[in-house]
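Peer 1: Structure file coords.txt (compact mmCIF, C-alpha atoms) right here:
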# COMPACT_ATOMS: atom_id res chain seq x y z
CA MET I 1 13.67 -17.03 32.05
CA ARG I 2 9.91 -17.46 31.83
CA LEU I 3 7.36 -14.70 31.44
CA PRO I 4 3.94 -15.63 32.86
CA CYS I 5 1.07 -13.25 32.33
CA THR I 6 -1.24 -13.92 35.27
CA ASP I 7 0.38 -16.06 37.93
CA GLN I 8 2.64 -13.96 40.10
CA ASP I 9 3.86 -17.06 41.98
CA GLU I 10 5.61 -18.28 38.84
CA LEU I 11 7.44 -14.99 38.33
CA THR I 12 11.20 -15.34 38.35
CA ILE I 13 13.24 -12.15 38.34
CA ALA I 14 16.87 -12.70 37.46
CA THR I 15 19.72 -10.83 39.10
CA PRO I 16 20.58 -8.08 36.62
CA LYS I 17 23.93 -7.75 34.99
CA ILE I 18 25.29 -4.23 35.40
CA ILE I 19 27.55 -3.09 32.56
CA SER I 20 29.50 -0.11 33.84
CA ARG I 21 30.32 2.93 31.70
CA PRO I 22 33.83 1.75 30.68
CA GLU I 23 32.39 -1.57 29.50
CA HIS I 24 29.92 -0.24 26.91
CA ASN I 25 30.01 2.26 24.05
CA ILE I 26 27.01 4.50 24.86
CA SER I 27 27.97 8.16 25.07
CA ARG I 28 25.74 11.04 26.12
CA ALA I 29 27.08 12.88 23.06
CA ASN I 30 24.94 10.51 20.94
CA ILE I 31 21.78 11.00 22.99
CA SER I 32 19.47 13.83 21.99
CA GLU I 33 19.48 16.95 24.13
CA ALA I 34 15.74 16.58 24.70
CA ALA I 35 16.09 13.02 26.02
CA LEU I 36 18.87 14.11 28.37
CA LYS I 37 16.70 16.94 29.70
CA VAL I 38 13.93 14.48 30.52
CA LEU I 39 16.31 12.02 32.16
CA TYR I 40 18.04 14.65 34.29
CA ARG I 41 14.84 16.37 35.37
CA LEU I 42 13.27 13.10 36.48
CA LYS I 43 16.44 12.21 38.38
CA LYS I 44 16.52 15.66 40.00
CA SER I 45 12.87 15.21 41.03
CA GLY I 46 13.79 12.03 42.90
CA TYR I 47 12.64 9.45 40.36
CA GLN I 48 14.45 6.67 38.54
CA ALA I 49 15.17 7.54 34.91
CA HIS I 50 16.39 5.20 32.20
CA LEU I 51 16.67 5.16 28.44
CA VAL I 52 15.15 1.90 27.22
CA GLY I 53 14.15 0.05 24.09
CA GLY I 54 15.33 0.62 20.55
CA GLY I 55 17.32 3.74 21.43
CA VAL I 56 19.61 1.80 23.77
CA ARG I 57 19.81 -1.11 21.34
CA ASP I 58 20.80 1.10 18.41
CA LEU I 59 23.36 3.05 20.46
CA LEU I 60 25.03 -0.21 21.49
CA LEU I 61 25.08 -1.31 17.83
CA GLY I 62 26.68 1.99 16.78
CA ARG I 63 23.55 3.10 14.92
CA GLU I 64 21.81 6.46 15.13
CA PRO I 65 18.52 5.99 17.02
CA LYS I 66 15.36 7.25 15.36
CA ASP I 67 13.88 8.24 18.72
CA PHE I 68 14.44 7.88 22.45
CA ASP I 69 12.09 6.33 25.01
CA VAL I 70 12.35 6.81 28.77
CA ALA I 71 11.20 4.47 31.55
CA THR I 72 10.67 5.67 35.11
CA ASP I 73 9.04 4.82 38.43
CA ALA I 74 7.11 8.12 38.32
CA THR I 75 3.42 7.78 37.50
CA PRO I 76 2.06 9.52 34.37
CA GLU I 77 0.58 12.27 36.56
CA GLN I 78 3.92 12.81 38.33
CA VAL I 79 5.76 12.97 35.00
CA LYS I 80 3.25 15.49 33.64
CA ALA I 81 3.64 17.61 36.79
CA ALA I 82 7.41 17.73 36.26
CA PHE I 83 7.11 19.09 32.71
CA GLY I 84 5.06 21.98 31.43
CA ASN I 85 5.35 20.66 27.88
CA ALA I 86 3.89 17.20 28.54
CA ARG I 87 0.57 15.47 28.00
CA ILE I 88 -0.77 12.06 28.95
CA ILE I 89 -1.92 9.89 26.03
CA GLY I 90 -3.43 6.45 25.54
CA ARG I 91 -6.01 4.31 27.26
CA ARG I 92 -4.67 0.81 26.84
CA PHE I 93 -1.16 1.99 27.77
CA ARG I 94 -1.02 5.36 29.48
CA LEU I 95 2.12 7.23 28.41
CA VAL I 96 3.44 10.76 28.63
CA HIS I 97 4.69 12.68 25.61
CA VAL I 98 7.14 15.45 26.44
CA ARG I 99 7.51 17.78 23.47
CA PHE I 100 10.60 19.81 22.59
CA GLY I 101 9.83 21.57 19.31
CA ARG I 102 9.34 18.80 16.74
CA GLU I 103 10.95 16.13 18.95
CA ILE I 104 8.79 14.06 21.30
CA ILE I 105 10.24 12.01 24.14
CA GLU I 106 7.94 9.19 25.21
CA VAL I 107 7.96 8.45 28.94
CA ALA I 108 6.45 5.23 30.31
CA THR I 109 5.97 4.17 33.91
CA PHE I 110 7.43 0.77 34.87
CA ARG I 111 4.80 -1.90 34.12
CA SER I 112 3.71 -4.51 36.63
CA MET I 113 3.45 -8.27 36.17
CA GLN I 114 0.07 -8.17 37.94
CA PHE I 115 -2.19 -8.67 34.92
CA GLN I 116 -5.91 -8.96 35.52
CA GLN I 117 -7.64 -11.62 33.47
CA GLU I 118 -10.69 -9.47 32.76
CA LYS I 119 -8.38 -7.07 30.90
CA HIS I 120 -7.62 -9.73 28.26
CA SER I 121 -9.70 -10.62 25.22
CA GLU I 122 -10.79 -14.20 24.55
CA GLU I 123 -7.73 -14.58 22.31
CA GLY I 124 -5.44 -13.44 25.13
CA MET I 125 -4.80 -9.90 23.85
CA VAL I 126 -4.17 -7.28 26.53
CA LEU I 127 -6.99 -4.73 26.48
CA ARG I 128 -5.79 -2.47 29.29
CA ASP I 129 -2.43 -2.31 31.03
CA ASN I 130 -2.02 0.47 33.55
CA GLU I 131 -0.77 -1.50 36.56
CA PHE I 132 2.58 -0.02 37.55
CA GLY I 133 5.47 -1.90 39.12
CA SER I 134 9.25 -2.06 39.48
CA ILE I 135 12.03 -1.89 36.92
CA GLU I 136 12.58 -5.64 37.38
CA GLU I 137 8.98 -6.35 36.41
CA ASP I 138 9.13 -3.82 33.60
CA ALA I 139 12.16 -5.57 32.12
CA LEU I 140 10.24 -8.84 31.97
CA ARG I 141 7.33 -7.07 30.29
CA ARG I 142 9.46 -5.96 27.33
CA ASP I 143 9.08 -7.87 24.08
CA PHE I 144 12.57 -8.85 22.92
CA THR I 145 15.68 -9.30 25.02
CA VAL I 146 17.63 -6.79 22.91
CA ASN I 147 14.94 -4.18 23.69
CA ALA I 148 15.05 -4.85 27.45
CA LEU I 149 18.31 -3.01 28.13
CA TYR I 150 18.23 0.06 30.39
CA TYR I 151 20.67 2.96 30.31
CA ASN I 152 20.73 4.42 33.83
CA ILE I 153 21.33 8.18 33.88
CA ALA I 154 22.32 7.97 37.58
CA ASP I 155 25.64 6.20 36.89
CA PHE I 156 25.65 5.81 33.05
CA SER I 157 25.55 2.01 33.32
CA VAL I 158 23.53 -0.43 31.22
CA ILE I 159 21.27 -2.81 33.14
CA ASP I 160 20.60 -6.20 31.54
CA TYR I 161 17.90 -8.43 33.08
CA SER I 162 17.47 -10.83 30.18
CA ASN I 163 20.85 -11.62 28.61
CA GLY I 164 20.06 -9.04 25.97
CA MET I 165 23.69 -7.98 25.55
CA GLN I 166 24.64 -11.52 24.53
CA ASP I 167 21.75 -11.76 22.05
CA LEU I 168 22.82 -8.37 20.68
CA GLU I 169 26.32 -9.70 20.07
CA ASP I 170 24.94 -12.91 18.55
CA GLY I 171 22.51 -11.04 16.25
CA LEU I 172 19.54 -12.93 17.67
CA LEU I 173 15.93 -11.84 18.24
CA ARG I 174 14.47 -13.66 21.23
CA LEU I 175 11.10 -13.01 22.85
CA LEU I 176 10.93 -12.75 26.62
CA GLY I 177 8.60 -15.41 27.99
CA ASP I 178 6.46 -17.95 26.19
CA PRO I 179 6.24 -16.82 22.53
CA GLU I 180 2.66 -17.90 21.93
CA THR I 181 1.46 -16.15 25.10
CA ARG I 182 3.33 -12.97 24.16
CA TYR I 183 1.94 -12.95 20.61
CA ARG I 184 -1.58 -13.47 21.91
CA GLU I 185 -1.12 -10.58 24.37
CA ASP I 186 -0.18 -8.31 21.46
CA PRO I 187 -0.23 -9.74 17.90
CA VAL I 188 1.71 -6.71 16.64
CA ARG I 189 4.79 -8.35 18.20
CA MET I 190 4.83 -10.66 15.18
CA LEU I 191 5.21 -7.64 12.91
CA ARG I 192 7.90 -6.27 15.20
CA ALA I 193 9.81 -9.55 14.95
CA ALA I 194 9.75 -9.31 11.15
CA ARG I 195 10.63 -5.61 11.24
CA PHE I 196 13.59 -5.89 13.60
CA SER I 197 14.88 -8.93 11.73
CA ALA I 198 14.77 -6.94 8.47
CA LYS I 199 16.17 -3.75 9.99
CA LEU I 200 19.00 -5.26 12.04
CA GLY I 201 19.76 -8.29 9.90
CA PHE I 202 19.18 -10.50 12.96
CA ASN I 203 17.99 -14.10 12.97
CA ILE I 204 14.77 -14.89 14.83
CA GLU I 205 15.36 -17.46 17.56
CA ALA I 206 13.69 -20.82 16.77
CA ALA I 207 11.10 -20.79 19.58
CA THR I 208 10.27 -17.14 18.84
CA GLU I 209 9.82 -17.90 15.15
CA ALA I 210 7.82 -21.13 15.41
CA PRO I 211 4.29 -19.81 16.23
CA ILE I 212 4.25 -16.79 13.89
CA THR I 213 2.68 -18.35 10.80
CA ARG I 214 0.12 -20.24 12.89
CA LEU I 215 -0.92 -17.12 14.82
CA ALA I 216 -0.73 -14.60 11.95
CA HIS I 217 -4.55 -14.45 11.81
CA LEU I 218 -4.58 -12.72 15.21
CA LEU I 219 -3.63 -9.49 13.44
CA GLY I 220 -7.27 -9.35 12.41
CA ASP I 221 -8.10 -8.36 15.99
CA VAL I 222 -5.78 -5.34 15.92
CA PRO I 223 -7.36 -1.94 15.10
CA SER I 224 -6.72 -0.98 11.49
CA ALA I 225 -5.44 2.46 12.52
CA ARG I 226 -2.71 0.87 14.63
CA LEU I 227 -1.73 -1.43 11.76
CA TYR I 228 -1.41 1.62 9.50
CA GLU I 229 1.32 2.96 11.80
CA GLU I 230 3.04 -0.41 11.79
CA VAL I 231 2.94 -0.58 7.98
CA LEU I 232 4.70 2.79 7.78
CA LYS I 233 7.41 1.53 10.15
CA LEU I 234 7.84 -1.57 8.01
CA PHE I 235 7.97 0.10 4.61
CA ILE I 236 9.18 3.67 5.16
CA SER I 237 12.26 3.05 7.26
CA GLY I 238 14.83 2.11 4.61
CA TYR I 239 14.49 -1.68 4.52
CA ALA I 240 11.16 -2.13 2.76
CA VAL I 241 12.27 -4.93 0.40
CA SER I 242 13.62 -7.07 3.23
CA ALA I 243 10.54 -6.37 5.36
CA PHE I 244 8.23 -7.36 2.49
CA GLU I 245 10.05 -10.68 2.05
CA LYS I 246 9.90 -11.41 5.79
CA LEU I 247 6.18 -10.61 5.95
CA ARG I 248 5.36 -12.92 3.05
CA HIS I 249 7.56 -15.69 4.48
CA TYR I 250 5.55 -15.72 7.72
CA ASP I 251 2.11 -15.18 6.06
CA LEU I 252 1.84 -11.79 7.75
CA PHE I 253 1.55 -9.80 4.53
CA ALA I 254 -1.70 -11.59 3.71
CA GLN I 255 -3.19 -10.23 6.95
CA LEU I 256 -2.22 -6.66 6.06
CA PHE I 257 -2.91 -6.69 2.29
CA PRO I 258 -5.13 -9.71 1.55
CA GLN I 259 -6.17 -8.48 -1.89
CA THR I 260 -2.57 -7.97 -2.97
CA GLU I 261 -1.44 -11.32 -1.59
CA GLU I 262 -4.24 -13.11 -3.43
CA ALA I 263 -3.38 -11.32 -6.67
CA LEU I 264 0.32 -12.11 -6.35
CA ALA I 265 -0.31 -15.74 -5.42
CA HIS I 266 -2.59 -16.45 -8.39
CA GLU I 267 -0.98 -14.23 -11.02
CA ASP I 268 0.54 -16.13 -13.97
CA HIS I 269 2.77 -13.22 -15.01
CA GLU I 270 5.87 -12.08 -13.16
CA PHE I 271 5.43 -8.32 -13.51
CA PRO I 272 3.06 -7.75 -10.53
CA LEU I 273 5.67 -8.97 -8.05
CA VAL I 274 8.41 -7.15 -9.95
CA LEU I 275 6.42 -3.90 -9.74
CA VAL I 276 6.02 -4.22 -5.97
CA LEU I 277 9.69 -5.07 -5.44
CA LYS I 278 10.86 -2.23 -7.68
CA GLY I 279 8.53 0.20 -5.93
CA LEU I 280 9.84 -0.82 -2.50
CA GLU I 281 13.42 -0.74 -3.75
CA ASN I 282 12.84 2.78 -5.06
CA THR I 283 11.46 3.76 -1.64
CA ASP I 284 14.58 2.44 0.09
CA LYS I 285 16.84 4.32 -2.34
CA ARG I 286 15.02 7.62 -1.83
CA LEU I 287 15.26 7.30 1.93
CA ALA I 288 18.97 6.50 1.65
CA GLN I 289 19.37 9.72 -0.35
CA ASP I 290 17.33 11.73 2.19
CA LYS I 291 14.58 12.28 -0.38
CA PRO I 292 10.93 12.54 0.69
CA VAL I 293 8.65 9.52 0.46
CA THR I 294 4.86 9.72 0.62
CA PRO I 295 2.64 6.91 1.92
CA ALA I 296 0.27 7.67 -0.98
CA PHE I 297 2.80 6.37 -3.52
CA LEU I 298 3.66 3.37 -1.32
CA PHE I 299 0.03 2.28 -1.01
CA ALA I 300 -0.52 2.94 -4.73
CA VAL I 301 2.25 0.42 -5.45
CA LEU I 302 1.07 -2.18 -2.94
CA LEU I 303 -2.56 -2.09 -4.10
CA TRP I 304 -2.10 -1.61 -7.84
CA GLU I 305 -2.30 -5.26 -8.88
CA PRO I 306 -5.72 -6.03 -7.33
CA LEU I 307 -6.98 -2.70 -8.71
CA ARG I 308 -5.60 -3.47 -12.19
CA ARG I 309 -7.33 -6.84 -12.30
CA ILE I 310 -10.72 -5.39 -11.35
CA ALA I 311 -10.28 -2.47 -13.78
CA ASN I 312 -9.49 -4.89 -16.63
CA GLU I 313 -12.73 -6.76 -15.94
CA LEU I 314 -14.74 -3.53 -15.90
CA GLU I 315 -13.07 -2.34 -19.10
CA ALA I 316 -13.92 -5.66 -20.77
CA GLU I 317 -17.56 -4.97 -19.89
CA GLY I 318 -17.40 -1.72 -21.89
CA LEU I 319 -16.43 0.94 -19.34
CA PRO I 320 -13.82 3.54 -20.37
CA LEU I 321 -10.43 2.96 -18.71
CA TYR I 322 -10.58 6.13 -16.62
CA GLN I 323 -13.98 5.20 -15.17
CA ALA I 324 -12.92 1.59 -14.69
CA LEU I 325 -9.91 2.73 -12.65
CA GLN I 326 -12.11 4.97 -10.52
CA LEU I 327 -14.62 2.23 -9.71
CA ALA I 328 -11.89 -0.34 -9.11
CA GLY I 329 -10.10 2.11 -6.83
CA ASN I 330 -13.24 2.61 -4.75
CA GLN I 331 -13.68 -1.14 -4.36
CA VAL I 332 -10.03 -1.84 -3.47
CA VAL I 333 -9.80 0.97 -0.92
CA GLU I 334 -13.10 -0.01 0.71
CA GLU I 335 -11.78 -3.55 1.23
CA GLN I 336 -8.30 -2.46 2.29
CA VAL I 337 -9.27 -0.07 5.07
CA ARG I 338 -10.91 -2.96 6.91
CA CYS I 339 -7.41 -4.35 7.46
CA VAL I 340 -5.12 -1.31 7.39
CA ALA I 341 -6.58 2.17 7.64
CA ILE I 342 -5.40 4.69 5.05
CA PRO I 343 -5.99 8.33 6.03
CA ARG I 344 -7.87 10.38 3.46
CA ARG I 345 -4.91 12.74 3.06
CA PHE I 346 -3.10 9.79 1.46
CA SER I 347 -5.95 7.79 -0.07
CA THR I 348 -7.07 10.77 -2.18
CA PRO I 349 -3.70 11.36 -3.91
CA MET I 350 -3.30 7.58 -4.22
CA ARG I 351 -6.55 7.41 -6.21
CA GLU I 352 -5.35 10.29 -8.39
CA ILE I 353 -2.09 8.47 -9.13
CA TRP I 354 -4.13 5.50 -10.28
CA THR I 355 -6.71 7.31 -12.40
CA LEU I 356 -4.12 9.53 -14.10
CA GLN I 357 -2.62 6.39 -15.64
CA ALA I 358 -5.52 6.42 -18.10
CA ARG I 359 -4.78 10.02 -19.14
CA PHE I 360 -1.21 9.17 -20.14
CA HIS I 361 -2.65 7.54 -23.27
CA ASN I 362 -3.92 10.95 -24.44
CA THR I 363 -0.90 12.35 -26.30
CA LYS I 364 -2.70 14.51 -28.87
CA GLY I 365 -3.62 18.19 -28.87
CA LYS I 366 -3.48 20.19 -25.64
CA ARG I 367 -4.26 17.27 -23.35
CA PRO I 368 -0.61 16.53 -22.52
CA LEU I 369 -0.08 20.14 -21.39
CA ARG I 370 -3.16 20.01 -19.21
CA LEU I 371 -1.99 16.76 -17.64
CA LEU I 372 1.47 18.24 -17.11
CA ALA I 373 -0.12 20.97 -15.02
CA HIS I 374 -1.90 18.52 -12.75
CA PRO I 375 -0.57 18.72 -9.16
CA ARG I 376 -0.25 14.92 -9.02
CA PHE I 377 1.51 14.60 -12.39
CA ARG I 378 4.97 14.02 -10.93
CA ALA I 379 3.90 11.07 -8.76
CA ALA I 380 1.70 9.62 -11.53
CA TYR I 381 4.58 9.88 -14.05
CA ASP I 382 6.94 8.09 -11.63
CA PHE I 383 4.30 5.40 -11.25
CA LEU I 384 4.06 5.06 -15.04
CA LEU I 385 7.84 4.59 -15.20
CA LEU I 386 7.60 1.91 -12.53
CA ARG I 387 4.92 0.09 -14.50
CA ALA I 388 7.03 0.28 -17.65
CA GLU I 389 10.16 -0.99 -15.89
CA SER I 390 8.23 -3.98 -14.53
CA GLY I 391 6.85 -4.87 -17.98
CA GLU I 392 3.22 -3.99 -17.24
CA ALA I 393 3.01 -0.70 -19.19
CA ASP I 394 4.25 0.25 -22.65
CA PRO I 395 7.90 1.47 -22.42
CA GLU I 396 7.36 3.62 -25.52
CA LEU I 397 4.54 5.49 -23.79
CA ALA I 398 6.77 6.20 -20.81
CA ALA I 399 9.55 7.33 -23.16
CA TRP I 400 7.12 9.68 -24.94
CA TRP I 401 6.24 11.43 -21.69
CA THR I 402 9.89 11.69 -20.72
CA LYS I 403 10.71 13.35 -24.03
CA PHE I 404 7.65 15.61 -23.84
CA GLN I 405 8.74 16.98 -20.48
CA GLU I 406 12.21 17.69 -21.85
CA GLN I 407 10.65 19.56 -24.76
CA GLN I 408 8.76 21.72 -22.23
CA GLY I 409 12.00 22.58 -20.45
CA LEU I 410 11.35 20.28 -17.50
CA ASP I 411 13.60 17.75 -15.83
CA PRO I 412 11.88 14.32 -15.92
CA LYS I 413 14.08 13.17 -13.03
CA GLY I 414 12.51 15.70 -10.71
CA GLY I 415 12.59 19.29 -9.59
CA SER I 416 9.70 21.02 -11.30
CA ALA I 417 6.73 19.72 -9.27
CA GLY I 418 5.15 18.59 -12.53
CA ARG I 419 4.25 22.04 -13.89
CA PRO I 420 5.08 23.46 -17.33
CA SER I 421 7.80 26.06 -17.50
CA GLY I 422 6.71 29.66 -17.11
CA LYS I 423 4.22 31.23 -14.77
CA ARG I 424 0.70 29.94 -14.60
CA LYS I 425 -1.94 32.38 -15.58
CA ARG I 426 -3.95 33.41 -12.55
CA ARG I 427 -7.68 33.67 -12.76
CA ARG I 428 -8.99 37.11 -11.93
CA ARG I 429 -11.51 37.13 -9.15
CA PRO I 430 -14.80 38.89 -9.92
CA ARG I 431 -15.09 42.28 -8.29
CA LYS I 432 -17.49 42.44 -5.39
CA ARG I 433 -20.51 44.61 -5.93
CA PRO I 434 -20.93 47.38 -3.40
CA ALA I 435 -23.59 46.70 -0.81
CA LYS I 436 -26.83 48.59 -1.35
Here is the file; what I need is its structure written in the form of structure tokens.
Peer 2:
Amino acid sequence: MRLPCTDQDELTIATPKIISRPEHNISRANISEAALKVLYRLKKSGYQAHLVGGGVRDLLLGREPKDFDVATDATPEQVKAAFGNARIIGRRFRLVHVRFGREIIEVATFRSMQFQQEKHSEEGMVLRDNEFGSIEEDALRRDFTVNALYYNIADFSVIDYSNGMQDLEDGLLRLLGDPETRYREDPVRMLRAARFSAKLGFNIEAATEAPITRLAHLLGDVPSARLYEEVLKLFISGYAVSAFEKLRHYDLFAQLFPQTEEALAHEDHEFPLVLVLKGLENTDKRLAQDKPVTPAFLFAVLLWEPLRRIANELEAEGLPLYQALQLAGNQVVEEQVRCVAIPRRFSTPMREIWTLQARFHNTKGKRPLRLLAHPRFRAAYDFLLLRAESGEADPELAAWWTKFQEQQGLDPKGGSAGRPSGKRKRRRRPRKRPAK
């Protein structure tokens, strides 16, 4: 099956394979109540309504979907009119978000094959895509065959236009259409290939895999804010180590974190790579244990080695370590946000994690107690342990801080939010003078 992007005459729509309810394992009991409400209301309003994408794929694999997406022949305005709790989002792709408490169901109108050339960049990337079509066309517009399976709420069947069920059974990731054309339309598909391969343990089909390294530079045309969201999906979903290895294998990591890739590629010592791998492994373990993970710590790990190298140079020029870390942090972040945006709510604590590493060397007098009371102490201490485990920091220094916390009645393995035992003394506010 070919997937052209402009020539409708070349379009070939295959006869779909309909897998009836007894022939597949999807049960409505495993679909969220919110998604079912959306599906049934669209059906009741006279529209087609299908679950599609990763939700269907994961249900067929016996996994618990992270979210549910719906595809329909209703336009965004018609979907919004059917729900009081909906809003239309996006310019490039107009979608509808239907909110039920904290859960959001994303509803997309079937996409058309009728691309307009003026809506592509010179590199072939789609700039605007709001031409609506049929479910057959929409199926061909999906990225991978295993994501082009539709669960029809009308009869509970699964509709397969692209042999996706067979690829699902074979554990194979295959792009719909010509791979190079599809990657040029949306370079993020290369990241999705690496992510799904890491997440599902699937092999990437040879033709789908072949152009990735050659076209990796196209990620430079993707907005940095969008790449930030993709980085979170790659590294905060429970398979960060595998995703990291896939990204480096296909030269994609260098497009996301060029400073880190350069530092890792030219570093004579082993500990920088060990630190990154241990940090990502720790992230995967915390997620497996349902513990919180903050992007601030993740980015602190991924960017530490280029920062450390710059800080060492500044320190050699006579700057104190704390100041060297601050200046190096400014430089590294300024360069990084050109590739992957880091929101200030995460870049600020990330900088604090870095600069507090200098204060761990102050173990005399009341300085340790003051550092213990710092709101970012817990994350900074965990980062110190990571550095020590990778061979970059002094293990005895890390052991000293572990013992010091125990002496203060704290649990170094967590729980106290990094504050000394006992209540903190509150500052008394000055009394307001009565108005004259």
Peer 1: Would you mind listing what lies within 12 Å of Thr260 of chain I as a ChimeraX atom specification, with all atoms listed in the file counted and same-chain residues fewer than 2 positions away left out?
Peer 2: /I:248,253-258,262-267,272-273,275-276,299-310,332-333,335-336
Peer 1: Take the residues from that selection and write them out as an mmCIF file, keeping the file's coordinate frame, keeping C-alpha atoms.
Peer 2:
data_model
loop_
_atom_site.group_PDB
_atom_site.id
_atom_site.type_symbol
_atom_site.label_atom_id
_atom_site.label_comp_id
_atom_site.auth_asym_id
_atom_site.auth_seq_id
_atom_site.Cartn_x
_atom_site.Cartn_y
_atom_site.Cartn_z
ATOM 1 C CA ARG I 248 5.360 -12.920 3.050
ATOM 2 C CA PHE I 253 1.550 -9.800 4.530
ATOM 3 C CA ALA I 254 -1.700 -11.590 3.710
ATOM 4 C CA GLN I 255 -3.190 -10.230 6.950
ATOM 5 C CA LEU I 256 -2.220 -6.660 6.060
ATOM 6 C CA PHE I 257 -2.910 -6.690 2.290
ATOM 7 C CA PRO I 258 -5.130 -9.710 1.550
ATOM 8 C CA GLU I 262 -4.240 -13.110 -3.430
ATOM 9 C CA ALA I 263 -3.380 -11.320 -6.670
ATOM 10 C CA LEU I 264 0.320 -12.110 -6.350
ATOM 11 C CA ALA I 265 -0.310 -15.740 -5.420
ATOM 12 C CA HIS I 266 -2.590 -16.450 -8.390
ATOM 13 C CA GLU I 267 -0.980 -14.230 -11.020
ATOM 14 C CA PRO I 272 3.060 -7.750 -10.530
ATOM 15 C CA LEU I 273 5.670 -8.970 -8.050
ATOM 16 C CA LEU I 275 6.420 -3.900 -9.740
ATOM 17 C CA VAL I 276 6.020 -4.220 -5.970
ATOM 18 C CA PHE I 299 0.030 2.280 -1.010
ATOM 19 C CA ALA I 300 -0.520 2.940 -4.730
ATOM 20 C CA VAL I 301 2.250 0.420 -5.450
ATOM 21 C CA LEU I 302 1.070 -2.180 -2.940
ATOM 22 C CA LEU I 303 -2.560 -2.090 -4.100
ATOM 23 C CA TRP I 304 -2.100 -1.610 -7.840
ATOM 24 C CA GLU I 305 -2.300 -5.260 -8.880
ATOM 25 C CA PRO I 306 -5.720 -6.030 -7.330
ATOM 26 C CA LEU I 307 -6.980 -2.700 -8.710
ATOM 27 C CA ARG I 308 -5.600 -3.470 -12.190
ATOM 28 C CA ARG I 309 -7.330 -6.840 -12.300
ATOM 29 C CA ILE I 310 -10.720 -5.390 -11.350
ATOM 30 C CA VAL I 332 -10.030 -1.840 -3.470
ATOM 31 C CA VAL I 333 -9.800 0.970 -0.920
ATOM 32 C CA GLU I 335 -11.780 -3.550 1.230
ATOM 33 C CA GLN I 336 -8.300 -2.460 2.290
#
Peer 1: Just how far from atom CA of Ile18 of chain I is atom CA of Ser157 of chain I, in Å to one decimal?
Peer 2: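 Taking atom CA of Ser157 of chain I and atom CA of Ile18 of chain I, their separation equals 6.6 Å.
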Peer 1: Of the candidates I:Asp167, I:Glu392, I:Glu205, I:Asp251, which shows the shortest atom-to-atom distance to Leu219 of chain I, using all atoms listed in the file?
Peer 2: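 Once distances to Leu219 of chain I are computed over all atoms listed in the file, the minimum belongs to I:Asp251.
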Peer 1: Taking (4.4, -8.3, 14.9) in the file's own coordinates, collect the residues within 12 Å, counting all atoms listed in the file, and hand them back as a ChimeraX atom specification.
Peer 2: /I:143-144,175,179,182-197,208-209,211-213,215-220,222,226-227,230-231,233-234,243,246-247,250-253,255-256
Peer 1: Segment 22-37 of chain I, all listed atoms, 6 Å padding on each side: what axis-aligned box centre and edge lengths in Å to one decimal come out, as AutoDock Vina command-line options?
Peer 2:
--center_x 24.8 --center_y 7.7 --center_z 25.8 --size_x 30.1 --size_y 30.5 --size_z 21.7
Peer 1: Do you have the atom CA of Asp178 of chain I-atom CA of Arg214 of chain I distance handy?
Peer 2: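 Between these atoms lies a distance of 14.9 Å.
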Peer 1: May I have the residues within 12 Å of Ala29 of chain I as a list of chain:residue names, using all atoms listed in the file and disregarding those fewer than 6 positions away in the same chain?
Peer 2: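 Selected residues are I:Ala35, I:Leu36, I:Leu59, I:Glu64.
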Peer 1: From the set I:Glu245, I:Glu396, I:Asp138, I:Glu352, which residue has the shortest atom-to-atom contact distance to His374 of chain I, counting only C-alpha atoms?
Peer 2: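 Going through I:Glu245, I:Glu396, I:Asp138, I:Glu352 one by one, the smallest distance to His374 of chain I is for I:Glu352.
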Peer 1: In the coordinate frame of the file, compute which residues have an atom within 8 Å of (14.3, -5.0, 21.1) when using all atoms listed in the file, and state them as a PyMOL selection string.
Peer 2: chain I and resi 53-54+57+142-148+173+196
Peer 1: Would you mind reading off the distance between atom CA of Glu136 of chain I and atom CA of Tyr161 of chain I, one decimal, in Å?
Peer 2: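 Computing the Euclidean distance for atom CA of Glu136 of chain I and atom CA of Tyr161 of chain I yields 7.4 Å.
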